[in-house]
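File shown: my_file_26.txt. Contents: compact mmCIF, C-alpha atoms.
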# COMPACT_ATOMS: atom_id res chain seq x y z
CA MET A 270 0.00 0.00 0.00
CA ALA A 271 2.85 2.41 0.83
CA GLU A 272 4.55 1.59 -2.47
CA ILE A 273 1.35 2.32 -4.40
CA GLN A 274 0.89 5.64 -2.61
CA ALA A 275 4.52 6.63 -3.18
CA ARG A 276 4.22 5.79 -6.88
CA GLY A 277 1.21 8.09 -7.15
CA ARG A 278 -0.97 5.75 -9.20
CA LEU A 279 -2.65 2.35 -9.04
CA ILE A 280 -1.64 -0.11 -11.78
CA ALA A 281 -4.68 -2.19 -12.74
CA GLY A 282 -4.81 -5.12 -15.15
CA VAL A 283 -7.98 -4.82 -17.25
CA ASP A 284 -9.53 -5.81 -20.56
CA GLN A 285 -10.09 -3.52 -23.53
CA ASN A 286 -12.04 -5.94 -25.73
CA THR A 287 -15.07 -6.89 -23.63
CA TYR A 288 -17.91 -4.45 -24.20
CA LEU A 289 -19.74 -3.49 -20.97
CA MET A 290 -17.07 -4.99 -18.68
CA GLY A 291 -13.75 -3.55 -19.89
CA PHE A 292 -13.49 -1.92 -23.32
CA ARG A 293 -11.92 1.05 -25.07
CA ASN A 294 -14.52 3.67 -25.98
CA PRO A 295 -13.93 4.38 -29.70
CA PHE A 296 -15.02 8.01 -29.32
CA SER A 297 -13.06 9.04 -26.23
CA GLY A 298 -10.25 6.48 -26.34
CA GLU A 299 -10.87 5.81 -22.63
CA ILE A 300 -11.15 2.32 -21.12
CA GLU A 301 -14.57 1.89 -19.52
CA GLY A 302 -16.96 -0.73 -18.15
CA PHE A 303 -18.20 -2.41 -14.98
CA ASP A 304 -14.81 -3.92 -14.08
CA VAL A 305 -13.13 -0.58 -14.74
CA ALA A 306 -15.63 1.12 -12.41
CA MET A 307 -14.51 -1.25 -9.63
CA ALA A 308 -10.84 -0.37 -10.26
CA ARG A 309 -11.59 3.37 -10.26
CA GLU A 310 -13.37 3.09 -6.90
CA ILE A 311 -10.25 1.44 -5.44
CA ALA A 312 -8.01 4.21 -6.85
CA GLU A 313 -10.31 6.84 -5.38
CA ALA A 314 -10.18 5.15 -1.97
CA ILE A 315 -6.36 5.26 -2.03
CA PHE A 316 -5.77 8.71 -3.52
CA GLY A 317 -9.09 10.54 -3.34
CA ASP A 318 -8.98 10.63 -7.15
CA PRO A 319 -10.32 7.83 -9.42
CA ASN A 320 -8.11 9.04 -12.27
CA LYS A 321 -4.86 8.18 -10.48
CA ILE A 322 -4.82 4.83 -12.22
CA GLN A 323 -2.73 3.24 -14.95
CA TYR A 324 -4.39 0.52 -17.00
CA LYS A 325 -2.40 -2.46 -18.24
CA VAL A 326 -4.32 -4.39 -20.88
CA LEU A 327 -4.24 -8.16 -20.33
CA THR A 328 -5.64 -11.20 -22.10
CA SER A 329 -7.43 -13.90 -20.08
CA GLU A 330 -4.29 -16.03 -20.29
CA ASP A 331 -2.05 -13.23 -18.93
CA ARG A 332 -3.98 -12.40 -15.76
CA VAL A 333 -2.39 -14.70 -13.18
CA ALA A 334 1.12 -14.39 -14.63
CA ALA A 335 0.94 -10.57 -14.54
CA LEU A 336 0.12 -10.71 -10.82
CA GLU A 337 2.85 -13.26 -10.13
CA ARG A 338 5.44 -11.09 -11.92
CA GLY A 339 4.32 -7.95 -10.10
CA ASP A 340 3.44 -6.17 -13.34
CA VAL A 341 0.18 -4.93 -11.81
CA ASP A 342 -1.17 -4.15 -8.36
CA LEU A 343 -4.44 -5.90 -9.07
CA VAL A 344 -6.50 -7.43 -11.87
CA VAL A 345 -10.16 -6.59 -12.42
CA ARG A 346 -11.06 -8.54 -15.55
CA THR A 347 -14.08 -10.90 -15.34
CA MET A 348 -11.86 -13.19 -13.28
CA THR A 349 -13.53 -16.18 -11.65
CA VAL A 350 -12.34 -17.17 -8.18
CA THR A 351 -11.16 -20.80 -8.39
CA CYS A 352 -9.20 -23.08 -6.06
CA GLU A 353 -6.50 -23.50 -8.70
CA ARG A 354 -5.99 -19.75 -9.00
CA LEU A 355 -6.05 -19.29 -5.23
CA GLU A 356 -2.90 -21.41 -5.05
CA LYS A 357 -1.08 -18.75 -7.06
CA ILE A 358 -2.75 -15.43 -6.21
CA ASN A 359 -5.09 -13.80 -3.70
CA PHE A 360 -8.64 -12.69 -4.39
CA SER A 361 -10.93 -10.09 -2.90
CA SER A 362 -14.41 -11.00 -1.83
CA VAL A 363 -16.76 -11.70 -4.76
CA TYR A 364 -18.02 -8.52 -6.42
CA TYR A 365 -20.23 -10.13 -9.09
CA GLU A 366 -21.87 -13.51 -9.72
CA ALA A 367 -21.98 -14.42 -13.42
CA GLY A 368 -22.87 -17.68 -15.14
CA GLN A 369 -21.84 -19.36 -18.38
CA ARG A 370 -24.32 -19.44 -21.29
CA VAL A 371 -24.17 -19.67 -25.09
CA LEU A 372 -24.18 -17.09 -27.92
CA VAL A 373 -25.27 -18.19 -31.41
CA ASN A 374 -26.57 -16.74 -34.65
CA ARG A 375 -30.34 -16.25 -34.48
CA THR A 376 -30.90 -18.71 -37.34
CA SER A 377 -28.73 -21.48 -35.85
CA GLY A 378 -31.52 -23.52 -34.26
CA ILE A 379 -29.31 -24.03 -31.18
CA SER A 380 -31.18 -23.40 -27.93
CA GLY A 381 -28.51 -24.05 -25.32
CA VAL A 382 -25.39 -25.93 -24.34
CA ASP A 383 -26.99 -29.34 -24.91
CA GLY A 384 -27.23 -28.56 -28.62
CA LEU A 385 -23.49 -28.07 -29.01
CA GLY A 386 -22.45 -31.71 -29.39
CA GLY A 387 -19.79 -31.90 -32.09
CA LYS A 388 -20.11 -28.14 -32.76
CA LYS A 389 -17.17 -25.74 -32.77
CA VAL A 390 -17.45 -23.48 -29.73
CA CYS A 391 -15.17 -20.51 -29.09
CA ALA A 392 -13.71 -19.34 -25.77
CA THR A 393 -10.53 -17.54 -24.73
CA LYS A 394 -7.27 -19.15 -23.67
CA GLY A 395 -6.79 -19.29 -19.92
CA SER A 396 -10.50 -18.84 -19.13
CA THR A 397 -12.69 -21.11 -17.01
CA SER A 398 -15.14 -20.97 -19.93
CA LEU A 399 -12.75 -22.84 -22.21
CA ALA A 400 -12.37 -25.66 -19.69
CA ALA A 401 -16.15 -25.86 -19.18
CA VAL A 402 -16.67 -26.19 -22.94
CA ALA A 403 -13.93 -28.78 -23.38
CA ASN A 404 -15.20 -30.91 -20.48
CA HIS A 405 -18.94 -30.72 -21.19
CA PRO A 406 -20.61 -34.15 -21.55
CA VAL A 407 -22.11 -33.35 -24.99
CA LYS A 408 -18.52 -32.98 -26.27
CA PRO A 409 -18.37 -29.68 -28.13
CA VAL A 410 -15.17 -28.94 -30.05
CA ALA A 411 -13.42 -26.18 -28.09
CA VAL A 412 -11.69 -23.45 -30.13
CA SER A 413 -9.41 -21.06 -28.20
CA VAL A 414 -8.46 -17.47 -29.08
CA PRO A 415 -6.78 -14.57 -27.20
CA ASP A 416 -9.80 -12.22 -26.87
CA TRP A 417 -13.60 -12.41 -26.88
CA THR A 418 -13.86 -10.11 -29.88
CA ASP A 419 -11.87 -12.75 -31.80
CA CYS A 420 -14.66 -15.21 -30.98
CA LEU A 421 -17.29 -12.81 -32.31
CA VAL A 422 -15.43 -12.41 -35.62
CA MET A 423 -15.10 -16.19 -35.95
CA LEU A 424 -18.83 -16.63 -35.32
CA GLN A 425 -19.65 -13.97 -37.90
CA GLN A 426 -17.37 -15.64 -40.44
CA GLY A 427 -18.83 -19.09 -39.81
CA GLN A 428 -15.59 -20.50 -38.42
CA VAL A 429 -17.34 -21.54 -35.19
CA ASP A 430 -20.94 -22.44 -34.39
CA ALA A 431 -21.19 -20.74 -31.01
CA ILE A 432 -19.44 -18.79 -28.28
CA SER A 433 -19.75 -19.88 -24.67
CA THR A 434 -18.72 -17.83 -21.68
CA ASP A 435 -20.13 -15.70 -18.85
CA ASP A 436 -23.47 -14.00 -19.52
CA THR A 437 -21.88 -10.61 -18.76
CA ILE A 438 -19.43 -11.04 -21.63
CA LEU A 439 -22.04 -12.51 -23.99
CA ALA A 440 -24.35 -9.56 -23.37
CA GLY A 441 -21.64 -7.23 -24.64
CA LEU A 442 -21.01 -9.36 -27.72
CA ALA A 443 -24.73 -9.61 -28.52
CA ALA A 444 -25.04 -5.82 -28.23
CA GLN A 445 -22.46 -5.50 -31.01
CA ASP A 446 -24.23 -7.88 -33.41
CA PRO A 447 -28.05 -7.85 -33.67
CA TYR A 448 -27.99 -11.13 -35.63
CA THR A 449 -26.83 -13.03 -32.54
CA GLU A 450 -28.64 -14.07 -29.38
CA VAL A 451 -27.83 -15.50 -25.95
CA VAL A 452 -29.58 -18.84 -25.42
CA GLY A 453 -30.07 -21.47 -22.73
CA ALA A 454 -29.86 -21.34 -18.98
CA ARG A 455 -26.68 -20.79 -16.98
CA PHE A 456 -24.74 -24.05 -16.64
CA THR A 457 -21.92 -22.77 -14.40
CA THR A 458 -21.50 -20.24 -11.61
CA GLU A 459 -18.71 -17.70 -12.07
CA PRO A 460 -17.93 -15.61 -8.96
CA TYR A 461 -15.74 -12.64 -9.95
CA GLY A 462 -13.03 -11.41 -7.60
CA VAL A 463 -10.30 -8.79 -7.79
CA GLY A 464 -6.99 -10.60 -8.29
CA ILE A 465 -4.16 -9.47 -5.98
CA PRO A 466 -0.59 -10.86 -5.67
CA LYS A 467 0.22 -13.38 -2.95
CA GLY A 468 1.65 -11.82 0.18
CA ASN A 469 -0.37 -8.62 -0.14
CA GLU A 470 -2.94 -9.48 2.51
CA ASP A 471 -3.15 -5.87 3.68
CA PHE A 472 -4.22 -4.85 0.18
CA VAL A 473 -6.80 -7.66 0.07
CA ARG A 474 -8.38 -6.30 3.25
CA PHE A 475 -8.31 -2.76 1.87
CA VAL A 476 -10.00 -3.79 -1.39
CA ASN A 477 -12.58 -5.81 0.55
CA ALA A 478 -13.40 -2.71 2.59
CA VAL A 479 -13.90 -0.68 -0.62
CA LEU A 480 -16.20 -3.35 -2.07
CA ASN A 481 -18.16 -3.56 1.18
CA ARG A 482 -18.64 0.21 1.17
CA MET A 483 -19.88 0.02 -2.45
CA ARG A 484 -22.44 -2.63 -1.49
CA GLY A 485 -23.87 -0.33 1.16
CA ASP A 486 -23.75 3.15 -0.33
CA GLY A 487 -25.37 2.42 -3.69
CA SER A 488 -22.24 2.81 -5.84
CA TRP A 489 -22.24 -0.90 -6.76
CA ALA A 490 -25.85 -0.65 -7.91
CA SER A 491 -25.01 2.55 -9.80
CA ALA A 492 -22.18 0.81 -11.67
CA TYR A 493 -24.52 -2.05 -12.52
CA GLN A 494 -27.12 0.37 -13.85
CA ASP A 495 -24.49 2.14 -15.95
CA TRP A 496 -23.10 -0.99 -17.59
CA LEU A 497 -25.09 -4.19 -17.00
CA ASN A 498 -28.74 -3.10 -17.02
CA THR A 499 -29.37 -5.13 -20.21
CA LEU A 500 -29.06 -8.23 -18.00
CA GLY A 501 -32.14 -7.14 -16.06
CA PRO A 502 -32.86 -5.18 -12.87
CA ALA A 503 -29.90 -4.76 -10.54
CA PRO A 504 -29.61 -7.77 -8.20
CA ALA A 505 -28.40 -7.48 -4.64
CA PRO A 506 -24.59 -7.35 -4.59
CA PRO A 507 -22.97 -10.68 -3.62
CA ALA A 508 -22.72 -10.98 0.15
CA PRO A 509 -19.05 -11.02 1.25
CA ARG A 510 -17.50 -14.19 2.64
CA TYR A 511 -14.13 -13.80 4.32
CA ARG A 512 -11.39 -16.16 5.43
CA ASP A 513 -8.48 -15.57 7.80
Spell out the structure here as C-alpha cells.
Amino acid sequence: MAEIQARGRLIAGVDQNTYLMGFRNPFSGEIEGFDVAMAREIAEAIFGDPNKIQYKVLTSEDRVAALERGDVDLVVRTMTVTCERLEKINFSSVYYEAGQRVLVNRTSGISGVDGLGGKKVCATKGSTSLAAVANHPVKPVAVSVPDWTDCLVMLQQGQVDAISTDDTILAGLAAQDPYTEVVGARFTTEPYGVGIPKGNEDFVRFVNAVLNRMRGDGSWASAYQDWLNTLGPAPAPPAPRYRD
C-alpha cells in the first residue's frame, strides 16, 4: 500500500475488448466498463482521485502471470475465483456472480449448451469458460483465441458455431451484433473477484473494505445500472464471505 501511494498511481490489469465490462470507448479512447468502475473506486479510496490509475491491458491467459510477476497491483477482468488460482494469487471477496451461457446466430436452431455436441465453440485461452466447454458431456469442439472479440469475428465468419462464456461477456457481444442471441440457462456459476498478488494481505483487506462500502452506499448498484442493465434489474450485490 505504501509503495502504491509513493508511486502516485494504481496499476490495474484490465480488458479492452469486452464491451460493458472492460473496453476502449472508440469516441473518447478511454477504457470503460463495470470492471473498470470497480478499479476506479479502489483508486479513489487510495488517492481521493479515481483518475490516479494506470491501466495495463491483459488477455485472459495473462492475468495470473501478470500478478505473479508484479506487473500490476491488481486485476479486475471478469476473473472467476477458483481453487486452482487461489494457489497462485489472492482474491478479494466476490463482487459479481456471473454464469456461463451460449451465444449463437439467431438462425442457428441451437437453444442451449446441450445442442453443441460436435459443434465448434469458441472461448478464450486461460478462461474457465474454455475448460467448461472442453469438459462438457455433450462434447463440443473447443476453439481457443486470445480475446472475446476474436470469438465474435469467428462466429460472424462461420468458423465456429457458437461462443460460450459468462453471460456478462455474452451480453456485450450480442449488443455489437443484432444477428446473434444469448440462449439457454446458466450451466456454471462464475464468482468474480479482484486478483491481488500473494503476500499482499493488507491490500486484500483494503479492497474488501472498498467493495463492502460500495455494497452499502449504492455505488455498486449505480455501476450495474451504468453498464449491465441489459441483464435485467440490478440484483443485490454478492454478500461477502471472508477467510483468515
> Which is closer to Val341 in chain A than all the others in A:Gly368, A:Thr393, A:Gly282, A:Val422, using only C-alpha atoms?
Replying inline: A:Gly282
>> Please list as a list in words every residue within 10 Å of Asp419 in chain A, counting only C-alpha atoms and excluding residues in the same chain fewer than 3 positions away.
In response: Asn286, Cys391, Ala392, Thr393, Ser413, Val414, Pro415, Asp416, Val422, Met423, Leu424 and Gln425 of chain A
Which residues of range 357-453 of chain A come within 12 Å of range 491-494 of chain A, and what is each one's closest atom pair and distance in Å (one decimal), counting all atoms listed in the file, sorted by chain and residue number, as JSON lines?
{"residue": "A:Tyr364", "atom": "CA", "partner": "A:Tyr493", "partner_atom": "CA", "distance": 11.0}
{"residue": "A:Tyr365", "atom": "CA", "partner": "A:Tyr493", "partner_atom": "CA", "distance": 9.8}
{"residue": "A:Thr437", "atom": "CA", "partner": "A:Tyr493", "partner_atom": "CA", "distance": 10.9}
> Could you pull the residues within 9 Å of Ala308 in chain A, counting all atoms listed in the file, minus those fewer than 4 positions along the same chain, as a PyMOL selection string?
Replying inline: chain A and resi 279+281+283+303-304+312-313+319+322+343-345+463
7 Å contact set for range 346-354 of chain A, only C-alpha atoms, chain neighbours under 4 positions out, as a PDB file with C-alpha atoms, keeping the file's coordinate frame:
ATOM      1  CA  VAL A 283      -7.980  -4.820 -17.250  1.00  0.00           C
ATOM      2  CA  ASP A 284      -9.530  -5.810 -20.560  1.00  0.00           C
ATOM      3  CA  ASP A 304     -14.810  -3.920 -14.080  1.00  0.00           C
ATOM      4  CA  ILE A 358      -2.750 -15.430  -6.210  1.00  0.00           C
ATOM      5  CA  PHE A 360      -8.640 -12.690  -4.390  1.00  0.00           C
ATOM      6  CA  GLU A 459     -18.710 -17.700 -12.070  1.00  0.00           C
ATOM      7  CA  PRO A 460     -17.930 -15.610  -8.960  1.00  0.00           C
ATOM      8  CA  TYR A 461     -15.740 -12.640  -9.950  1.00  0.00           C
ATOM      9  CA  GLY A 462     -13.030 -11.410  -7.600  1.00  0.00           C
TER      10      GLY A 462
END
Using all atoms listed in the file and a cutoff of 10 Å, can you tell me which residues are near (-22.2, -37.4, -24.4) in the file's coordinates, and write them out as a short mmCIF file (atom, residue, chain, number, x, y, z; two decimals) with C-alpha atoms, keeping the file's coordinate frame?
data_model
loop_
_atom_site.label_atom_id
_atom_site.label_comp_id
_atom_site.auth_asym_id
_atom_site.auth_seq_id
_atom_site.Cartn_x
_atom_site.Cartn_y
_atom_site.Cartn_z
CA ASP A 383 -26.99 -29.34 -24.91
CA GLY A 386 -22.45 -31.71 -29.39
CA GLY A 387 -19.79 -31.90 -32.09
CA HIS A 405 -18.94 -30.72 -21.19
CA PRO A 406 -20.61 -34.15 -21.55
CA VAL A 407 -22.11 -33.35 -24.99
CA LYS A 408 -18.52 -32.98 -26.27
CA PRO A 409 -18.37 -29.68 -28.13
#
> Residues at most 12 Å from Ser433 in chain A, counting only C-alpha atoms, excluding those fewer than 6 positions away in the same chain, as JSON, numbers by chain?
Replying inline: {"A": [368, 369, 370, 371, 372, 373, 381, 382, 383, 385, 388, 389, 390, 391, 392, 393, 396, 397, 398, 399, 400, 401, 402, 403, 405, 409, 410, 411, 412, 413, 417, 420, 421, 424, 439, 440, 442, 450, 451, 452, 453, 454, 455, 456, 457]}
Pull C-alpha atoms from the residues just selected and write them as a PDB file, in the frame of the given file.
ATOM      1  CA  GLY A 368     -22.870 -17.680 -15.140  1.00  0.00           C
ATOM      2  CA  GLN A 369     -21.840 -19.360 -18.380  1.00  0.00           C
ATOM      3  CA  ARG A 370     -24.320 -19.440 -21.290  1.00  0.00           C
ATOM      4  CA  VAL A 371     -24.170 -19.670 -25.090  1.00  0.00           C
ATOM      5  CA  LEU A 372     -24.180 -17.090 -27.920  1.00  0.00           C
ATOM      6  CA  VAL A 373     -25.270 -18.190 -31.410  1.00  0.00           C
ATOM      7  CA  GLY A 381     -28.510 -24.050 -25.320  1.00  0.00           C
ATOM      8  CA  VAL A 382     -25.390 -25.930 -24.340  1.00  0.00           C
ATOM      9  CA  ASP A 383     -26.990 -29.340 -24.910  1.00  0.00           C
ATOM     10  CA  LEU A 385     -23.490 -28.070 -29.010  1.00  0.00           C
ATOM     11  CA  LYS A 388     -20.110 -28.140 -32.760  1.00  0.00           C
ATOM     12  CA  LYS A 389     -17.170 -25.740 -32.770  1.00  0.00           C
ATOM     13  CA  VAL A 390     -17.450 -23.480 -29.730  1.00  0.00           C
ATOM     14  CA  CYS A 391     -15.170 -20.510 -29.090  1.00  0.00           C
ATOM     15  CA  ALA A 392     -13.710 -19.340 -25.770  1.00  0.00           C
ATOM     16  CA  THR A 393     -10.530 -17.540 -24.730  1.00  0.00           C
ATOM     17  CA  SER A 396     -10.500 -18.840 -19.130  1.00  0.00           C
ATOM     18  CA  THR A 397     -12.690 -21.110 -17.010  1.00  0.00           C
ATOM     19  CA  SER A 398     -15.140 -20.970 -19.930  1.00  0.00           C
ATOM     20  CA  LEU A 399     -12.750 -22.840 -22.210  1.00  0.00           C
ATOM     21  CA  ALA A 400     -12.370 -25.660 -19.690  1.00  0.00           C
ATOM     22  CA  ALA A 401     -16.150 -25.860 -19.180  1.00  0.00           C
ATOM     23  CA  VAL A 402     -16.670 -26.190 -22.940  1.00  0.00           C
ATOM     24  CA  ALA A 403     -13.930 -28.780 -23.380  1.00  0.00           C
ATOM     25  CA  HIS A 405     -18.940 -30.720 -21.190  1.00  0.00           C
ATOM     26  CA  PRO A 409     -18.370 -29.680 -28.130  1.00  0.00           C
ATOM     27  CA  VAL A 410     -15.170 -28.940 -30.050  1.00  0.00           C
ATOM     28  CA  ALA A 411     -13.420 -26.180 -28.090  1.00  0.00           C
ATOM     29  CA  VAL A 412     -11.690 -23.450 -30.130  1.00  0.00           C
ATOM     30  CA  SER A 413      -9.410 -21.060 -28.200  1.00  0.00           C
ATOM     31  CA  TRP A 417     -13.600 -12.410 -26.880  1.00  0.00           C
ATOM     32  CA  CYS A 420     -14.660 -15.210 -30.980  1.00  0.00           C
ATOM     33  CA  LEU A 421     -17.290 -12.810 -32.310  1.00  0.00           C
ATOM     34  CA  LEU A 424     -18.830 -16.630 -35.320  1.00  0.00           C
ATOM     35  CA  LEU A 439     -22.040 -12.510 -23.990  1.00  0.00           C
ATOM     36  CA  ALA A 440     -24.350  -9.560 -23.370  1.00  0.00           C
ATOM     37  CA  LEU A 442     -21.010  -9.360 -27.720  1.00  0.00           C
ATOM     38  CA  GLU A 450     -28.640 -14.070 -29.380  1.00  0.00           C
ATOM     39  CA  VAL A 451     -27.830 -15.500 -25.950  1.00  0.00           C
ATOM     40  CA  VAL A 452     -29.580 -18.840 -25.420  1.00  0.00           C
ATOM     41  CA  GLY A 453     -30.070 -21.470 -22.730  1.00  0.00           C
ATOM     42  CA  ALA A 454     -29.860 -21.340 -18.980  1.00  0.00           C
ATOM     43  CA  ARG A 455     -26.680 -20.790 -16.980  1.00  0.00           C
ATOM     44  CA  PHE A 456     -24.740 -24.050 -16.640  1.00  0.00           C
ATOM     45  CA  THR A 457     -21.920 -22.770 -14.400  1.00  0.00           C
TER      46      THR A 457
END
> So, counting all atoms listed in the file, which residue among A:Glu366, A:Glu301, A:Asp331, A:Glu310 is closest to Ala505 in chain A?
Replying inline: A:Glu366
>> Give me, as a VMD selection string, all polymer residues having an atom no more than 12 Å from Arg482 in chain A, counting all atoms listed in the file and skipping those fewer than 6 positions away in the same chain.
In response: chain A and resid 307 310 to 311 314 364 475 to 476 488 to 490 506 508 to 509
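A straight line drawn from CA of Tyr288 in chain A to CA of Val326 in chain A is 14.0 Å long.
The gap separating CA of Ala478 in chain A from CA of Val363 in chain A is 12.1 Å, in Å to one decimal.
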>> I'd like the interatomic distance between CA of Ser377 in chain A and CA of Thr328 in chain A, to a tenth of an Å.
In response: 28.8 Å
>> Please determine, counting only C-alpha atoms, which residue among A:Ser329, A:Thr376, A:Gln285, A:Gln274 has the shortest atom-to-atom distance to Tyr448 in chain A.
In response: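 Looking only at the distances to Tyr448 in chain A, the closest residue turns out to be A:Thr376.
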Could range 327-335 of chain A be completed with all heavy atoms and returned as a short mmCIF file (atom, residue, chain, number, x, y, z; two decimals), in the frame of the given file?
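Okay, this is what ended up in selection-v8.cif:
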data_model
loop_
_atom_site.label_atom_id
_atom_site.label_comp_id
_atom_site.auth_asym_id
_atom_site.auth_seq_id
_atom_site.Cartn_x
_atom_site.Cartn_y
_atom_site.Cartn_z
N LEU A 327 -4.62 -6.75 -20.43
CA LEU A 327 -4.24 -8.16 -20.33
C LEU A 327 -5.23 -9.05 -21.07
O LEU A 327 -6.42 -8.73 -21.13
CB LEU A 327 -4.22 -8.60 -18.86
CG LEU A 327 -3.31 -7.81 -17.89
CD1 LEU A 327 -3.56 -8.30 -16.47
CD2 LEU A 327 -1.85 -7.97 -18.26
N THR A 328 -4.75 -10.16 -21.60
CA THR A 328 -5.64 -11.20 -22.10
C THR A 328 -6.04 -12.09 -20.92
O THR A 328 -5.44 -12.02 -19.84
CB THR A 328 -4.96 -12.07 -23.17
OG1 THR A 328 -3.87 -12.79 -22.56
CG2 THR A 328 -4.44 -11.21 -24.32
N SER A 329 -7.04 -12.96 -21.13
CA SER A 329 -7.43 -13.90 -20.08
C SER A 329 -6.24 -14.73 -19.62
O SER A 329 -6.04 -14.99 -18.42
CB SER A 329 -8.54 -14.83 -20.59
OG SER A 329 -9.70 -14.11 -20.93
N GLU A 330 -5.43 -15.16 -20.57
CA GLU A 330 -4.29 -16.03 -20.29
C GLU A 330 -3.22 -15.33 -19.47
O GLU A 330 -2.46 -15.97 -18.73
CB GLU A 330 -3.71 -16.54 -21.60
CG GLU A 330 -2.72 -17.67 -21.47
CD GLU A 330 -2.28 -18.22 -22.81
OE1 GLU A 330 -2.34 -17.46 -23.81
OE2 GLU A 330 -1.87 -19.38 -22.88
N ASP A 331 -3.12 -14.00 -19.58
CA ASP A 331 -2.05 -13.23 -18.93
C ASP A 331 -2.34 -12.86 -17.49
O ASP A 331 -1.42 -12.41 -16.78
CB ASP A 331 -1.81 -11.91 -19.70
CG ASP A 331 -1.15 -12.13 -21.05
OD1 ASP A 331 -0.53 -13.18 -21.24
OD2 ASP A 331 -1.28 -11.24 -21.91
N ARG A 332 -3.57 -13.01 -17.02
CA ARG A 332 -3.98 -12.40 -15.76
C ARG A 332 -3.16 -12.87 -14.56
O ARG A 332 -2.62 -12.05 -13.81
CB ARG A 332 -5.47 -12.64 -15.52
CG ARG A 332 -6.36 -11.95 -16.51
CD ARG A 332 -7.82 -12.34 -16.35
NE ARG A 332 -8.07 -13.76 -16.60
CZ ARG A 332 -9.27 -14.30 -16.69
NH1 ARG A 332 -10.35 -13.54 -16.54
NH2 ARG A 332 -9.42 -15.59 -16.93
N VAL A 333 -3.09 -14.18 -14.36
CA VAL A 333 -2.39 -14.70 -13.18
C VAL A 333 -0.90 -14.42 -13.28
O VAL A 333 -0.26 -14.00 -12.30
CB VAL A 333 -2.66 -16.21 -13.05
CG1 VAL A 333 -1.77 -16.82 -11.96
CG2 VAL A 333 -4.12 -16.47 -12.71
N ALA A 334 -0.32 -14.61 -14.46
CA ALA A 334 1.12 -14.39 -14.63
C ALA A 334 1.50 -12.94 -14.36
O ALA A 334 2.56 -12.66 -13.78
CB ALA A 334 1.54 -14.79 -16.04
N ALA A 335 0.65 -11.99 -14.78
CA ALA A 335 0.94 -10.57 -14.54
C ALA A 335 0.98 -10.27 -13.05
O ALA A 335 1.82 -9.47 -12.59
CB ALA A 335 -0.10 -9.71 -15.23
#
